[in-house]
$ cat coords32.cif   # mmCIF, C-alpha atoms
data_target
#
loop_
_atom_site.group_PDB
_atom_site.id
_atom_site.type_symbol
_atom_site.label_atom_id
_atom_site.label_comp_id
_atom_site.auth_asym_id
_atom_site.auth_seq_id
_atom_site.Cartn_x
_atom_site.Cartn_y
_atom_site.Cartn_z
ATOM 1 C CA MET A 1 254.364 204.816 122.297
ATOM 2 C CA ALA A 2 256.739 207.559 123.422
ATOM 3 C CA THR A 3 258.495 207.326 126.779
ATOM 4 C CA VAL A 4 258.673 210.011 129.451
ATOM 5 C CA ILE A 5 261.507 209.766 131.967
ATOM 6 C CA ILE A 6 260.410 211.099 135.347
ATOM 7 C CA PRO A 7 263.213 212.614 137.459
ATOM 8 C CA THR A 8 263.837 210.964 140.826
ATOM 9 C CA PRO A 9 262.382 213.839 142.944
ATOM 10 C CA LEU A 10 259.011 213.605 141.142
ATOM 11 C CA ARG A 11 258.610 209.823 141.243
ATOM 12 C CA LYS A 12 256.630 209.999 144.473
ATOM 13 C CA PHE A 13 253.864 211.507 142.320
ATOM 14 C CA THR A 14 254.002 208.685 139.741
ATOM 15 C CA ASN A 15 253.740 205.690 142.094
ATOM 16 C CA ASN A 16 257.553 205.425 142.006
ATOM 17 C CA THR A 17 257.512 204.826 138.263
ATOM 18 C CA SER A 18 260.522 206.206 136.399
ATOM 19 C CA LYS A 19 259.411 205.604 132.803
ATOM 20 C CA ILE A 20 255.895 206.270 131.568
ATOM 21 C CA GLU A 21 254.525 205.409 128.154
ATOM 22 C CA ILE A 22 252.441 208.091 126.484
ATOM 23 C CA LYS A 23 250.640 208.408 123.175
ATOM 24 C CA GLY A 24 252.723 211.293 121.951
ATOM 25 C CA GLY A 25 251.522 214.119 119.713
ATOM 26 C CA ASN A 26 253.212 217.206 121.068
ATOM 27 C CA ILE A 27 254.592 218.349 124.432
ATOM 28 C CA THR A 28 251.338 220.002 125.530
ATOM 29 C CA GLU A 29 249.424 216.798 124.863
ATOM 30 C CA ALA A 30 252.100 214.731 126.579
ATOM 31 C CA ILE A 31 251.967 216.874 129.723
ATOM 32 C CA ASN A 32 248.173 216.847 129.736
ATOM 33 C CA GLU A 33 248.231 213.051 129.517
ATOM 34 C CA LEU A 34 250.685 212.863 132.423
ATOM 35 C CA ALA A 35 248.652 215.336 134.487
ATOM 36 C CA PHE A 36 245.451 213.363 133.856
ATOM 37 C CA ASN A 37 246.995 210.078 134.954
ATOM 38 C CA PHE A 38 249.039 211.566 137.824
ATOM 39 C CA PRO A 39 247.145 214.643 139.108
ATOM 40 C CA ASP A 40 249.652 215.387 141.898
ATOM 41 C CA LEU A 41 252.399 215.740 139.293
ATOM 42 C CA LYS A 42 250.678 218.609 137.503
ATOM 43 C CA LYS A 43 251.542 221.449 139.897
ATOM 44 C CA HIS A 44 255.205 220.453 139.755
ATOM 45 C CA LEU A 45 255.262 220.805 135.980
ATOM 46 C CA LEU A 46 252.910 223.725 135.325
ATOM 47 C CA ASP A 47 252.430 227.089 137.026
ATOM 48 C CA GLU A 48 249.054 228.662 137.859
ATOM 49 C CA SER A 49 248.785 229.970 134.287
ATOM 50 C CA GLY A 50 249.349 226.535 132.810
ATOM 51 C CA ASN A 51 252.854 227.283 131.566
ATOM 52 C CA ILE A 52 255.801 224.973 132.108
ATOM 53 C CA ARG A 53 257.554 226.064 135.300
ATOM 54 C CA SER A 54 260.790 227.968 134.841
ATOM 55 C CA PHE A 55 262.714 225.471 136.981
ATOM 56 C CA VAL A 56 261.561 222.584 134.773
ATOM 57 C CA ASN A 57 263.416 221.700 131.577
ATOM 58 C CA ILE A 58 261.897 219.375 129.027
ATOM 59 C CA PHE A 59 264.056 217.591 126.509
ATOM 60 C CA VAL A 60 263.055 215.477 123.536
ATOM 61 C CA GLY A 61 266.004 213.194 123.005
ATOM 62 C CA ASN A 62 269.009 215.444 123.649
ATOM 63 C CA ASP A 63 267.265 218.650 122.600
ATOM 64 C CA ASP A 64 265.735 221.286 124.867
ATOM 65 C CA ILE A 65 262.215 222.111 123.670
ATOM 66 C CA ARG A 66 263.169 225.803 124.121
ATOM 67 C CA ASP A 67 265.444 225.266 121.104
ATOM 68 C CA LEU A 68 262.687 223.477 119.177
ATOM 69 C CA GLN A 69 259.031 224.503 119.033
ATOM 70 C CA GLN A 70 258.482 224.876 122.799
ATOM 71 C CA GLU A 71 255.212 223.197 123.864
ATOM 72 C CA ASN A 72 254.355 222.570 120.219
ATOM 73 C CA THR A 73 257.408 220.356 119.765
ATOM 74 C CA VAL A 74 256.363 217.095 118.141
ATOM 75 C CA VAL A 75 256.696 213.929 120.222
ATOM 76 C CA LYS A 76 257.138 211.034 117.825
ATOM 77 C CA GLU A 77 256.054 207.516 118.754
ATOM 78 C CA ASP A 78 259.608 206.390 119.512
ATOM 79 C CA ALA A 79 260.642 209.618 121.270
ATOM 80 C CA VAL A 80 262.163 209.788 124.735
ATOM 81 C CA VAL A 81 261.004 212.851 126.659
ATOM 82 C CA SER A 82 262.975 213.811 129.760
ATOM 83 C CA ILE A 83 261.660 216.049 132.523
ATOM 84 C CA ILE A 84 264.701 217.666 134.092
ATOM 85 C CA PRO A 85 264.678 219.842 137.206
ATOM 86 C CA ALA A 86 266.965 222.856 137.083
ATOM 87 C CA ILE A 87 269.828 222.303 139.521
ATOM 88 C CA ALA A 88 271.493 225.456 140.806
ATOM 89 C CA GLY A 89 272.359 227.360 143.941
ATOM 90 C CA GLY A 90 275.278 228.801 145.803
ATOM 91 C CA SER A 91 276.365 230.656 148.881
ATOM 92 C CA MET B 92 269.537 210.284 158.467
ATOM 93 C CA LEU B 93 272.379 209.992 156.028
ATOM 94 C CA ILE B 94 275.419 207.764 155.838
ATOM 95 C CA ILE B 95 278.121 208.900 153.415
ATOM 96 C CA GLU B 96 280.584 206.124 152.715
ATOM 97 C CA THR B 97 284.209 207.150 153.194
ATOM 98 C CA ALA B 98 285.244 207.055 149.530
ATOM 99 C CA ALA B 99 282.286 209.173 148.432
ATOM 100 C CA LYS B 100 282.858 211.674 151.241
ATOM 101 C CA SER B 101 286.574 211.935 150.474
ATOM 102 C CA ALA B 102 285.846 212.481 146.775
ATOM 103 C CA MET B 103 283.370 215.288 147.506
ATOM 104 C CA ILE B 104 285.749 217.056 149.887
ATOM 105 C CA ALA B 105 288.619 216.657 147.408
ATOM 106 C CA ASP B 106 286.454 218.206 144.684
ATOM 107 C CA ALA B 107 285.572 221.125 146.971
ATOM 108 C CA LEU B 108 289.244 221.731 147.832
ATOM 109 C CA LYS B 109 290.367 221.441 144.214
ATOM 110 C CA SER B 110 287.687 223.882 143.026
ATOM 111 C CA PHE B 111 288.371 226.523 145.706
ATOM 112 C CA PRO B 112 287.828 229.505 145.483
ATOM 113 C CA ASN B 113 285.047 228.432 143.097
ATOM 114 C CA GLU B 114 282.056 226.295 143.993
ATOM 115 C CA CYS B 115 282.099 222.653 142.963
ATOM 116 C CA CYS B 116 279.042 220.479 142.374
ATOM 117 C CA GLY B 117 278.112 216.885 141.726
ATOM 118 C CA PHE B 118 275.654 214.051 142.165
ATOM 119 C CA MET B 119 275.266 211.532 144.966
ATOM 120 C CA PHE B 120 274.018 207.978 144.423
ATOM 121 C CA GLY B 121 273.170 205.155 146.779
ATOM 122 C CA PHE B 122 270.261 203.338 148.362
ATOM 123 C CA GLU B 123 267.521 203.800 150.968
ATOM 124 C CA GLU B 124 266.342 201.611 153.824
ATOM 125 C CA GLY B 125 263.305 203.304 155.323
ATOM 126 C CA SER B 126 264.382 206.771 156.443
ATOM 127 C CA LEU B 127 268.090 205.903 156.328
ATOM 128 C CA ARG B 128 269.967 206.894 153.190
ATOM 129 C CA THR B 129 273.412 205.662 152.260
ATOM 130 C CA ILE B 130 275.542 207.510 149.722
ATOM 131 C CA THR B 131 277.859 204.996 148.094
ATOM 132 C CA THR B 132 279.028 207.005 145.099
ATOM 133 C CA SER B 133 279.599 210.648 144.293
ATOM 134 C CA VAL B 134 280.274 211.947 140.800
ATOM 135 C CA GLU B 135 281.663 215.421 140.232
ATOM 136 C CA VAL B 136 280.312 217.439 137.314
ATOM 137 C CA ASN B 137 281.215 220.688 135.646
ATOM 138 C CA ASN B 138 279.965 223.853 137.314
ATOM 139 C CA ALA B 139 278.040 225.217 134.320
ATOM 140 C CA LYS B 140 277.324 228.612 135.877
ATOM 141 C CA GLU B 141 278.446 231.373 133.554
ATOM 142 C CA GLY B 142 280.363 234.191 135.206
ATOM 143 C CA ASP B 143 281.486 234.227 138.821
ATOM 144 C CA GLN B 144 281.520 230.684 140.202
ATOM 145 C CA ARG B 145 282.780 231.689 143.650
ATOM 146 C CA ARG B 146 279.224 232.001 144.944
ATOM 147 C CA ARG B 147 277.088 230.138 142.409
ATOM 148 C CA PHE B 148 276.813 226.747 140.795
ATOM 149 C CA GLU B 149 274.638 225.257 138.104
ATOM 150 C CA ILE B 150 274.421 221.759 136.663
ATOM 151 C CA SER B 151 273.522 221.392 132.999
ATOM 152 C CA ALA B 152 270.417 219.514 131.919
ATOM 153 C CA ILE B 153 272.555 217.129 129.886
ATOM 154 C CA ASP B 154 274.617 216.238 132.973
ATOM 155 C CA TYR B 155 271.378 215.716 134.904
ATOM 156 C CA MET B 156 270.101 213.312 132.230
ATOM 157 C CA ARG B 157 273.401 211.422 132.414
ATOM 158 C CA ALA B 158 273.039 211.149 136.193
ATOM 159 C CA GLU B 159 269.556 209.612 135.969
ATOM 160 C CA LYS B 160 270.855 207.192 133.324
ATOM 161 C CA TYR B 161 273.855 206.273 135.498
ATOM 162 C CA ALA B 162 271.558 205.533 138.437
ATOM 163 C CA ASP B 163 269.267 203.430 136.260
ATOM 164 C CA GLU B 164 272.127 201.423 134.732
ATOM 165 C CA ASN B 165 273.865 200.813 138.054
ATOM 166 C CA ASN B 166 270.756 199.984 140.079
ATOM 167 C CA LEU B 167 271.330 202.986 142.317
ATOM 168 C CA ILE B 168 269.097 205.863 143.373
ATOM 169 C CA LEU B 169 270.007 209.451 142.570
ATOM 170 C CA LEU B 170 269.768 210.657 146.162
ATOM 171 C CA GLY B 171 270.919 214.228 145.844
ATOM 172 C CA ILE B 172 273.354 216.952 144.966
ATOM 173 C CA TYR B 173 276.489 218.205 146.652
ATOM 174 C CA HIS B 174 278.163 221.563 146.275
ATOM 175 C CA SER B 175 280.703 223.658 148.138
ATOM 176 C CA HIS B 176 280.518 226.995 149.902
ATOM 177 C CA PRO B 177 283.955 228.626 149.606
ATOM 178 C CA ASN B 178 284.585 230.855 152.627
ATOM 179 C CA HIS B 179 280.983 230.421 153.753
ATOM 180 C CA PRO B 180 279.417 228.039 156.268
ATOM 181 C CA ALA B 181 277.750 224.797 155.131
ATOM 182 C CA ILE B 182 274.328 226.356 155.538
ATOM 183 C CA PRO B 183 271.984 226.640 152.542
ATOM 184 C CA SER B 184 271.358 230.089 151.112
ATOM 185 C CA GLU B 185 268.124 231.459 149.696
ATOM 186 C CA HIS B 186 269.546 230.704 146.230
ATOM 187 C CA ASP B 187 269.930 227.089 147.314
ATOM 188 C CA ARG B 188 266.385 226.944 148.691
ATOM 189 C CA ILE B 189 264.617 228.481 145.683
ATOM 190 C CA ALA B 190 266.073 225.971 143.236
ATOM 191 C CA ALA B 191 265.916 222.962 145.557
ATOM 192 C CA GLN B 192 263.906 219.827 144.847
ATOM 193 C CA GLY B 193 261.923 217.924 147.422
ATOM 194 C CA TYR B 194 263.238 214.428 148.120
ATOM 195 C CA PHE B 195 266.897 215.211 147.323
ATOM 196 C CA SER B 196 269.600 215.416 149.978
ATOM 197 C CA TYR B 197 271.671 218.568 149.578
ATOM 198 C CA VAL B 198 275.164 218.134 150.953
ATOM 199 C CA ILE B 199 277.148 221.342 151.423
ATOM 200 C CA ILE B 200 280.896 221.350 152.036
ATOM 201 C CA SER B 201 282.340 224.453 153.634
ATOM 202 C CA ILE B 202 285.897 225.344 152.651
ATOM 203 C CA MET B 203 287.493 228.151 154.670
ATOM 204 C CA GLU B 204 290.720 229.674 153.353
ATOM 205 C CA SER B 205 291.584 226.590 151.284
ATOM 206 C CA LYS B 206 290.939 224.188 154.164
ATOM 207 C CA PHE B 207 288.036 221.805 154.766
ATOM 208 C CA SER B 208 285.796 223.182 157.504
ATOM 209 C CA SER B 209 282.537 221.206 157.689
ATOM 210 C CA ILE B 210 280.053 219.059 155.807
ATOM 211 C CA LEU B 211 276.298 219.162 156.431
ATOM 212 C CA SER B 212 273.254 217.748 154.650
ATOM 213 C CA TRP B 213 269.878 219.407 154.164
ATOM 214 C CA GLN B 214 266.439 218.453 152.881
ATOM 215 C CA LEU B 215 263.375 220.497 152.042
ATOM 216 C CA ASN B 216 260.454 219.972 154.422
ATOM 217 C CA ASP B 217 256.746 220.088 153.517
ATOM 218 C CA VAL B 218 256.713 223.891 153.511
ATOM 219 C CA SER B 219 259.795 224.184 151.263
ATOM 220 C CA GLN B 220 262.202 225.155 154.028
ATOM 221 C CA PHE B 221 265.514 223.420 154.576
ATOM 222 C CA GLU B 222 265.971 221.182 157.589
ATOM 223 C CA GLU B 223 269.281 219.605 158.520
ATOM 224 C CA GLU B 224 269.550 215.919 157.718
ATOM 225 C CA LYS B 225 271.807 214.317 160.262
ATOM 226 C CA ILE B 226 274.949 212.694 158.856
ATOM 227 C CA ILE B 227 275.845 209.645 160.939
#

$ encode --input "coords32.cif" --output "structure tokens"
Amino acid sequence: MATVIIPTPLRKFTNNTSKIEIKGGNITEAINELAFNFPDLKKHLLDESGNIRSFVNIFVGNDDIRDLQQENTVVKEDAVVSIIPAIAGGS
Amino acid sequence: MLIIETAAKSAMIADALKSFPNECCGFMFGFEEGSLRTITTSVEVNNAKEGDQRRRFEISAIDYMRAEKYADENNLILLGIYHSHPNHPAIPSEHDRIAAQGYFSYVIISIMESKFSSILSWQLNDVSQFEEEKII
């Protein structure tokens, strides 16, 4: 099973669970599995068109899926997938 | 309500002063007891914003991953983010609000003309607007 690391701000939508085991496949399948099991999480990951929100980064290991095959990036059985909120701002 | 332990508060203010006239940024860790949060540790990170850093900050995804790992390994909670507003009040801007995450405490340190001015904390409410979180 692959592991998804949920960032602290989204853990209220995963019953306070920080690490979730998923079957793997690719990123689209992984997100669908998460959204099925934790429906309130879905809108924080995907926009109205079903695309990954611009303020959400998804890494497989240490690699941004934008530098791999985007949503088609393969999630191997031993992979660690991190959901990472974009952190920015300023005066 | 938010308690910031002295060492963590001093470290954040020192980072803000050192970075002036640019914005600094970092993570805050600690624990929660009901609605009371206590920041025990702050960790400064590189402002990854390309270009003018006097009015913008950005934290890299890799640094964010490290912060979650640090919290996990040290049995702490990643409670929020701090950053500085050089020559601006410690009030969140629209840029701050758009990128903000629910749950996190956002501590802003105002530095005016190289001197510490004020420190305030903010949290998003249910309609994604910032409300001040009282520091006690």

$ resolve_selection --input "coords32.cif" --expression "the PyMOL selection byres ((chain B) within 9 of (chain A))" --output "ChimeraX atom specification"
/B:114,140,144-153,155-156,159,168-170,172,174-177,179-195

$ residues_around --input "coords32.cif" --residues "B:Ser133" --least-positions-apart "6" --cutoff "6 Å" --atoms "all atoms listed in the file" --output "MDAnalysis selection string"
chainID B and resid 99 118:119

$ write_last_selection --input "coords32.cif" --atoms "C-alpha atoms" --output "tab-separated table (two decimals), in the frame of the given file"
chain	number	residue	atom	x	y	z
B	99	ALA	CA	282.29	209.17	148.43
B	118	PHE	CA	275.65	214.05	142.16
B	119	MET	CA	275.27	211.53	144.97

$ atom_distance --input "coords32.cif" --atom1 "atom CA of B:Glu223" --atom2 "atom CA of B:Ser101"
20.6 Å

$ residues_near_point --input "coords32.cif" --point "(258.8, 210.4, 117.4)" --cutoff "9 Å" --atoms "only C-alpha atoms" --output "ChimeraX atom specification"
/A:1-2,24-25,74-80

$ resolve_selection --input "coords32.cif" --expression "the PyMOL selection byres ((chain A and resi 29-41) around 9)" --output "list in words"
Val4, Leu10, Arg11, Lys12, Phe13, Thr14, Asn15, Ile20, Ile22, Lys23, Gly24, Gly25, Asn26, Ile27, Thr28, Lys42, Lys43, His44, Leu45, Leu46, Glu71, Asn72 and Val75 of chain A

$ axis_aligned_box --input "coords32.cif" --around "stretch 121-138 of chain B" --padding-each-side "4 Å" --output "AutoDock Vina command-line options"
--center_x 272.5 --center_y 212.7 --center_z 146.0 --size_x 26.4 --size_y 30.2 --size_z 28.8

$ closest_residue --input "coords32.cif" --among "B:Ser201, B:Gln220, B:Thr97, B:Thr129" --to "B:Phe111" --atoms "all atoms listed in the file"
B:Ser201

$ closest_residue --input "coords32.cif" --among "B:Gly117, B:Gly125, B:Pro112, B:Gly142" --to "B:Ile199" --atoms "all atoms listed in the file"
B:Gly117

$ atom_distance --input "coords32.cif" --atom1 "atom CA of B:Gly171" --atom2 "atom CA of B:Gly121"
9.4 Å

$ closest_residue --input "coords32.cif" --among "B:Ser110, B:Ser208, B:Asn216, B:Thr132" --to "B:Ala162" --atoms "only C-alpha atoms"
B:Thr132

$ closest_residue --input "coords32.cif" --among "B:Asn138, B:Gln214, B:Ser209, B:Asn165" --to "B:Ser196" --atoms "all atoms listed in the file"
B:Gln214

$ atom_distance --input "coords32.cif" --atom1 "atom CA of B:Ala107" --atom2 "atom CA of A:Ser54"
28.4 Å
